[in-house]
Amino acid sequence: MATSDLLLDPGILSNDPVLELYGWKAVEARDGLAVLPRRDDWLQALRSGVEAVGLPDRVAEGRFSQAVVYLQKGKAATQEGLATAWKNLVPGGRLLLVGGNELGIKSAVKRLAQELGQGGELLVNRARSRVVSFERTQHSGPEIPDPAEVEIECGEDALTLQSAIGVFSADRVDRGTRILLEHLHDVESPARVLDMGCGIGVLGLAALRRWPEARAVLADVDRRAVEAATKNAVDLGFSDRCHALWWDAVQEKPPSTDCDLVLINPPFHTGKKVDLDPARAMFRSLDQVLAPKGIALIVANRTLPYEQQLGGIGRIRMIRDEAGFKLLELRRGSS
Ligand SMILES: C[S@@+](CC[C@H](N)C(=O)[O-])C[C@H]1O[C@@H](n2cnc3c(N)ncnc32)[C@H](O)[C@@H]1O
């Protein structure tokens with residue numbers, strides 16, 4: 001049973017429109033607005049006739065009498081959801097926090113209760129999940145956490161990027177990403193770069209810094225990441241050479257064409273589950289976008305089974321094998 005199904009128990013939602021953060025079951029049942037930073041969720045919601053936006057700042061303030069927030073893997077992302085919901089509830093409105101034991105719903109409820117100075121009412125406790133209701137009072141509400149800054153080294157140079165709440169490796173450069181970054185020194189100058197699954201733009205923006213003539217497309221399923229990448233490109237003065245796209249590898253066409261250099265640190269989780277479908281979809285896109293003399297660099301946990309699919313696209317070579325990661329180079333042509 002999905003956690004969101006608990007919301008459909010009788011008496012949990014009123015008949016009013018609902019603001020729903022990171023899910024859309026309640027909006028589908030009652031109308032309202034869903035906030036869905038992942039483009040795959042957003043596309044699915046739209047297909048079901050649900051009104052949805054990718055970012056909370058598109059929500060008009062204070063118009064809902066009920067809001068639902070799903071507990072997220074990261075505390076900061078949950079906190080951001082709660083703060084947004086609070087801001088957009090009318091006084092006396094209800095804030096419902098929903099989540100499973102495996103994500104720590106009990107401690108999240110305790111933290112929120114302490115912050116708001118009220119106990120919270122347990123509405124459902126079933127299937128190892130809970131729905132807890134809080135009343136919108138005059139309290140200023142949960143604080144929105146500040147996003148971190150991330151320093152990346154580009155040869156002698158360093159770049160500072162603004163991160164975003166809830167994105168991959170939000171407060172530091174991932175180890176695999178660093179391994180790929182270090183190898184950029186050894187790559188011939190490309191004209192067109194694609195950073196597939198760009199996050200806040202670490203790889204694509206480092207490439208633009210390294211090659212002042214290059215142009216880059218950065219693409220990611222997470223709208224928060226795409227906004228951060230766009231802002232970083234502007235702050236670094238790269239916006240005329242760079243385009244960041246909200247893109248789902250699984251359902252949509254490749255985001256670029258004729259690329260000389262494609263950089264990928266593929267996702268292998270959706271939520272807490274291992275899921276290789278997005279990576280496989282990225283590799284199908286890679287096959288379509290890689291120019292005849294193009295190169296792709298792919299970094300992954302050493303145990304992930306990507307070689308067979310990549311070998312169908314071109315010649316692969318292991319460039320580095322370090323700290324549980326492998327860095328693969330793929331060139332067009334047969335092995
Ligand atoms: C391992 S992270 C790498 C992020 C960034 N390139 C870096 O190295 O810091 C994988 C990225 O792929 C994105 N992603 C996951 N599923 C995707 C999909 N279906 N389509 C496009 N991007 C996806 C995630 O949001 C995440 O930012």
# chains A, B, ... in the order shown; residues from 1 in each chain; ligands from 1

call {"tool": "select_by_dssp", "arguments": {"residues": "range 128-211 of chain A", "states": "strand (DSSP E)", "output": "JSON, numbers by chain"}}
result
{"A": [129, 130, 131, 132, 133, 134, 135, 149, 150, 151, 152, 153, 154, 157, 158, 159, 160, 161, 162, 192, 193, 194, 195, 196]}

call {"tool": "residues_around", "arguments": {"residues": "range 100-103 of chain A", "least_positions_apart": "4", "cutoff": "8 Å", "atoms": "only C-alpha atoms", "output": "list in words"}}
result
Thr3, Leu71, Gln72, Lys73, Arg128, Ser129 and Arg130 of chain A

call {"tool": "write_last_selection", "arguments": {"atoms": "N, CA and C atoms", "output": "PDB file, in the first residue's frame"}}
result
ATOM      1  N   THR A   3       1.879   5.062   0.855  1.00  0.00           N
ATOM      2  CA  THR A   3       1.601   5.938   2.007  1.00  0.00           C
ATOM      3  C   THR A   3       0.476   6.917   1.681  1.00  0.00           C
ATOM      4  N   LEU A  71       6.778  13.206   3.975  1.00  0.00           N
ATOM      5  CA  LEU A  71       8.119  13.175   4.557  1.00  0.00           C
ATOM      6  C   LEU A  71       9.130  12.801   3.474  1.00  0.00           C
ATOM      7  N   GLN A  72      10.240  13.569   3.418  1.00  0.00           N
ATOM      8  CA  GLN A  72      11.280  13.330   2.418  1.00  0.00           C
ATOM      9  C   GLN A  72      12.474  12.622   3.035  1.00  0.00           C
ATOM     10  N   LYS A  73      13.341  12.123   2.182  1.00  0.00           N
ATOM     11  CA  LYS A  73      14.531  11.428   2.660  1.00  0.00           C
ATOM     12  C   LYS A  73      15.426  12.388   3.473  1.00  0.00           C
ATOM     13  N   ARG A 128       2.696   0.693   8.769  1.00  0.00           N
ATOM     14  CA  ARG A 128       4.000   1.277   9.108  1.00  0.00           C
ATOM     15  C   ARG A 128       4.133   2.725   8.646  1.00  0.00           C
ATOM     16  N   SER A 129       3.010   3.427   8.626  1.00  0.00           N
ATOM     17  CA  SER A 129       3.006   4.841   8.209  1.00  0.00           C
ATOM     18  C   SER A 129       2.023   5.625   9.069  1.00  0.00           C
ATOM     19  N   ARG A 130       2.224   6.936   9.066  1.00  0.00           N
ATOM     20  CA  ARG A 130       1.340   7.784   9.870  1.00  0.00           C
ATOM     21  C   ARG A 130       0.894   9.025   9.101  1.00  0.00           C
TER      22      ARG A 130
END

call {"tool": "closest_atom_pairs", "arguments": {"of": "chain A", "to": "ligand 1", "cutoff": "7 Å", "atoms": "only C-alpha atoms and all ligand atoms", "output": "CSV"}}
result
residue,atom,partner,partner_atom_place_in_ligand_line,distance
A:Asp40,CA,ligand 1,19 (N),6.9
A:Val167,CA,ligand 1,27 (O),6.4
A:Phe168,CA,ligand 1,27 (O),5.2
A:Ser169,CA,ligand 1,9 (O),6.4
A:Val173,CA,ligand 1,9 (O),6.2
A:Asp174,CA,ligand 1,9 (O),6.0
A:Thr177,CA,ligand 1,8 (O),4.5
A:Asp195,CA,ligand 1,6 (N),6.7
A:Met196,CA,ligand 1,22 (N),6.6
A:Gly197,CA,ligand 1,12 (O),3.5
A:Cys198,CA,ligand 1,6 (N),3.8
A:Gly199,CA,ligand 1,27 (O),3.6
A:Ile200,CA,ligand 1,5 (C),6.6
A:Gly201,CA,ligand 1,5 (C),6.4
A:Val202,CA,ligand 1,9 (O),5.6
A:Leu203,CA,ligand 1,6 (N),6.0
A:Ala219,CA,ligand 1,21 (C),6.5
A:Asp220,CA,ligand 1,22 (N),3.9
A:Val221,CA,ligand 1,21 (C),4.0
A:Asp222,CA,ligand 1,25 (O),4.8
A:Ala225,CA,ligand 1,27 (O),6.6
A:Trp247,CA,ligand 1,21 (C),5.5
A:Asp248,CA,ligand 1,20 (N),3.7
A:Ala249,CA,ligand 1,20 (N),3.8
A:Val250,CA,ligand 1,19 (N),5.1
A:Ile264,CA,ligand 1,6 (N),6.2
A:Asn265,CA,ligand 1,3 (C),4.8
A:Pro266,CA,ligand 1,10 (C),4.9
A:Pro267,CA,ligand 1,10 (C),4.0
A:Pro278,CA,ligand 1,19 (N),4.5

call {"tool": "atom_distance", "arguments": {"atom1": "CA of Glu149 in chain A", "atom2": "CA of Gln162 in chain A"}}
result
4.7 Å

call {"tool": "residues_around", "arguments": {"residues": "range 13-23 of chain A", "least_positions_apart": "5", "cutoff": "6 Å", "atoms": "only C-alpha atoms", "output": "PyMOL selection string"}}
result
chain A and resi 30-36+66-69

call {"tool": "residues_around", "arguments": {"residues": "Lys75 in chain A", "least_positions_apart": "4", "cutoff": "10 Å", "atoms": "only C-alpha atoms", "output": "ChimeraX atom specification"}}
result
/A:71,79-81,103-104,108,145,165-166

call {"tool": "closest_residue", "arguments": {"among": "A:Leu46, A:Asn301, A:Leu116, A:Ala191", "to": "Gln138 in chain A", "atoms": "only C-alpha atoms"}}
result
A:Leu116

call {"tool": "residues_around", "arguments": {"residues": "Met1 in chain A", "least_positions_apart": "3", "cutoff": "12 Å", "atoms": "only C-alpha atoms", "output": "NGL selection string"}}
result
:A and (4-8 or 100 or 126-129)

call {"tool": "residues_around", "arguments": {"residues": "range 84-90 of chain A", "least_positions_apart": "4", "cutoff": "7 Å", "atoms": "only C-alpha atoms", "output": "list in words"}}
result
Pro56, Glu61, Gly62, Arg63, Phe64, Ser65, Gln66, Ala67, Glu80, Arg136 and Gly141 of chain A

call {"tool": "closest_residue", "arguments": {"among": "A:Gly237, A:Gly54, A:Gly92, A:Gly324", "to": "Val299 in chain A", "atoms": "only C-alpha atoms"}}
result
A:Gly324
